[in-house]
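Undergrad: Got a structure for you, written out below as structure tokens; questions coming shortly.
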Amino acid sequence: MNTDFSTESIDVITAAERMAKAPDNTLLLDVREQQEWDFCHVTGALHIPMQQVPDQLQAIPKDENVLVLCHHGGRSLRVTRFLRSQGYTKVQNVAGGIEQWAIQVNQALPRY
């Protein structure tokens, strides 16, 4: 799947479509805190809280499409920029975060 990673952020609809089209090559990385994850999360996402990302880079594959998610998009944007600085070329922020995911993609997710 040839995907354009030139933009730093994508919307939740595009992220969900990418995950559906290439589930074996797309990783949703949730960087929210444990209590946020426990409250709600996207099934199949990898959970690594933002502060732990530098120590867990080995868990984030460089050869997959990585979509970074948080509550609204601020923390995930910082993680996206960090990962890009570490040589990750196929990484993007999911703008709007899980809040917009719950509104636009999966209304069954609880919101906070």
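Following the order of the structure tokens, chains are lettered A, B, ..., residues in each are numbered from 1, and ligands are numbered from 1.
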Pick out the residues sitting within 7 Å of Glu64 (chain A), and hand them over as an MDAnalysis selection string; count only C-alpha atoms, and ignore anything fewer than 2 positions along from it in its own chain.
TA: chainID A and resid 25:27 61:62 66 90
Undergrad: Skipping near chain neighbours, those fewer than 5 positions away, what residues fall within 12 Å of Gly87 (chain A) using only C-alpha atoms, listed as a list of chain:residue names?
TA: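 The neighbour list is A:Leu57, A:Ile60, A:Pro61, A:Lys62, A:Asp63, A:Thr80, A:Arg81, A:Phe82.
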Undergrad: Pick out the residues sitting within 10 Å of region 5-16 of chain A, and hand them over as a ChimeraX atom specification; count only C-alpha atoms, and ignore anything fewer than 4 positions along from it in its own chain.
TA: /A:20-21,23,26,28,65-69,73,76-77,80-81,84,89-106
Undergrad: As number ranges by chain, please: all residues of chain A that backbone DSSP puts in helix (DSSP H, G or I).
TA: A: 12-21, 34-39, 50-59, 74-85, 97-104
Undergrad: Using C-alpha atoms, can you export the residues from the last selection as a PDB file, in the first residue's frame?
TA:
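Listed below is the output, part.pdb:
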ATOM      1  CA  VAL A  12      -9.625   9.866  12.152  1.00  0.00           C
ATOM      2  CA  ILE A  13     -11.624   8.756   9.104  1.00  0.00           C
ATOM      3  CA  THR A  14      -8.448   8.451   7.012  1.00  0.00           C
ATOM      4  CA  ALA A  15      -6.707   6.623   9.864  1.00  0.00           C
ATOM      5  CA  ALA A  16      -9.563   4.125  10.205  1.00  0.00           C
ATOM      6  CA  GLU A  17      -9.605   3.570   6.426  1.00  0.00           C
ATOM      7  CA  ARG A  18      -5.843   2.893   6.400  1.00  0.00           C
ATOM      8  CA  MET A  19      -6.204   0.410   9.232  1.00  0.00           C
ATOM      9  CA  ALA A  20      -9.021  -1.373   7.393  1.00  0.00           C
ATOM     10  CA  LYS A  21      -7.131  -1.499   4.075  1.00  0.00           C
ATOM     11  CA  GLN A  34      -3.011   3.911  31.608  1.00  0.00           C
ATOM     12  CA  GLN A  35      -6.232   5.225  33.193  1.00  0.00           C
ATOM     13  CA  GLU A  36      -7.286   6.738  29.849  1.00  0.00           C
ATOM     14  CA  TRP A  37      -6.554   3.449  28.065  1.00  0.00           C
ATOM     15  CA  ASP A  38      -8.518   1.540  30.719  1.00  0.00           C
ATOM     16  CA  PHE A  39     -11.523   3.828  30.188  1.00  0.00           C
ATOM     17  CA  MET A  50       3.956   9.040  25.855  1.00  0.00           C
ATOM     18  CA  GLN A  51       6.649   9.207  28.540  1.00  0.00           C
ATOM     19  CA  GLN A  52       7.588   5.566  27.913  1.00  0.00           C
ATOM     20  CA  VAL A  53       7.974   5.829  24.127  1.00  0.00           C
ATOM     21  CA  PRO A  54      11.724   6.678  24.143  1.00  0.00           C
ATOM     22  CA  ASP A  55      12.465   3.580  26.226  1.00  0.00           C
ATOM     23  CA  GLN A  56      10.229   1.307  24.123  1.00  0.00           C
ATOM     24  CA  LEU A  57      11.245   2.216  20.574  1.00  0.00           C
ATOM     25  CA  GLN A  58      12.030  -1.448  19.889  1.00  0.00           C
ATOM     26  CA  ALA A  59       8.287  -2.196  20.254  1.00  0.00           C
ATOM     27  CA  GLY A  74      -1.483  17.146  21.196  1.00  0.00           C
ATOM     28  CA  ARG A  75       0.558  14.397  22.837  1.00  0.00           C
ATOM     29  CA  SER A  76       0.364  12.221  19.751  1.00  0.00           C
ATOM     30  CA  LEU A  77       1.695  15.079  17.620  1.00  0.00           C
ATOM     31  CA  ARG A  78       4.713  15.400  19.930  1.00  0.00           C
ATOM     32  CA  VAL A  79       5.295  11.635  19.750  1.00  0.00           C
ATOM     33  CA  THR A  80       4.931  11.722  15.950  1.00  0.00           C
ATOM     34  CA  ARG A  81       7.598  14.429  15.744  1.00  0.00           C
ATOM     35  CA  PHE A  82       9.851  12.490  18.117  1.00  0.00           C
ATOM     36  CA  LEU A  83       9.493   9.269  16.108  1.00  0.00           C
ATOM     37  CA  ARG A  84      10.253  11.126  12.885  1.00  0.00           C
ATOM     38  CA  SER A  85      13.403  12.520  14.516  1.00  0.00           C
ATOM     39  CA  GLY A  97      -7.515  11.737  18.869  1.00  0.00           C
ATOM     40  CA  ILE A  98      -9.799   9.219  20.457  1.00  0.00           C
ATOM     41  CA  GLU A  99     -12.336  11.980  21.093  1.00  0.00           C
ATOM     42  CA  GLN A 100     -12.969  12.370  17.370  1.00  0.00           C
ATOM     43  CA  TRP A 101     -12.616   8.611  16.859  1.00  0.00           C
ATOM     44  CA  ALA A 102     -15.545   8.124  19.268  1.00  0.00           C
ATOM     45  CA  ILE A 103     -17.582  10.751  17.407  1.00  0.00           C
ATOM     46  CA  GLN A 104     -16.781   9.869  13.790  1.00  0.00           C
TER      47      GLN A 104
END
Undergrad: Looking only at strand (DSSP E or B) from DSSP on the backbone, list the matching residues of chain A as a PyMOL selection string.
TA: chain A and resi 9-10+26-30+46-47+65-69+91-94
Undergrad: For the selection just defined, write its residues with C-alpha atoms to a file, as a PDB file, in the first residue's frame.
TA:
ATOM      1  CA  SER A   9      -1.316  14.636  10.695  1.00  0.00           C
ATOM      2  CA  ILE A  10      -4.342  12.857   9.278  1.00  0.00           C
ATOM      3  CA  THR A  26      -0.633  -0.461   9.991  1.00  0.00           C
ATOM      4  CA  LEU A  27      -0.072   0.077  13.690  1.00  0.00           C
ATOM      5  CA  LEU A  28      -2.247   2.353  15.800  1.00  0.00           C
ATOM      6  CA  LEU A  29      -0.053   3.571  18.657  1.00  0.00           C
ATOM      7  CA  ASP A  30      -2.026   4.920  21.629  1.00  0.00           C
ATOM      8  CA  LEU A  46      -0.553  -0.786  20.847  1.00  0.00           C
ATOM      9  CA  HIS A  47      -0.506   1.085  24.157  1.00  0.00           C
ATOM     10  CA  ASN A  65       2.628   2.501   8.940  1.00  0.00           C
ATOM     11  CA  VAL A  66       2.405   3.996  12.445  1.00  0.00           C
ATOM     12  CA  LEU A  67      -0.595   6.154  13.355  1.00  0.00           C
ATOM     13  CA  VAL A  68      -0.224   7.880  16.730  1.00  0.00           C
ATOM     14  CA  LEU A  69      -3.313   8.560  18.852  1.00  0.00           C
ATOM     15  CA  VAL A  91       4.418   7.823  11.026  1.00  0.00           C
ATOM     16  CA  GLN A  92       1.541  10.286  11.353  1.00  0.00           C
ATOM     17  CA  ASN A  93      -0.475  11.920  14.081  1.00  0.00           C
ATOM     18  CA  VAL A  94      -4.204  11.141  14.267  1.00  0.00           C
TER      19      VAL A  94
END
Undergrad: Find the distance between CA of Ile48 (chain A) and CA of His72 (chain A) and write it in Å to one decimal.
TA: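 It comes out at 16.2 Å.
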Undergrad: Could you tell me how far CA of Cys70 (chain A) lies from CA of Asp4 (chain A), in Å and to one decimal?
TA: 21.4 Å
Undergrad: Quote the spacing between CA of His71 (chain A) and CA of Gly44 (chain A) in Å to one decimal place.
TA: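 Between CA of His71 (chain A) and CA of Gly44 (chain A) the gap works out to 16.7 Å.
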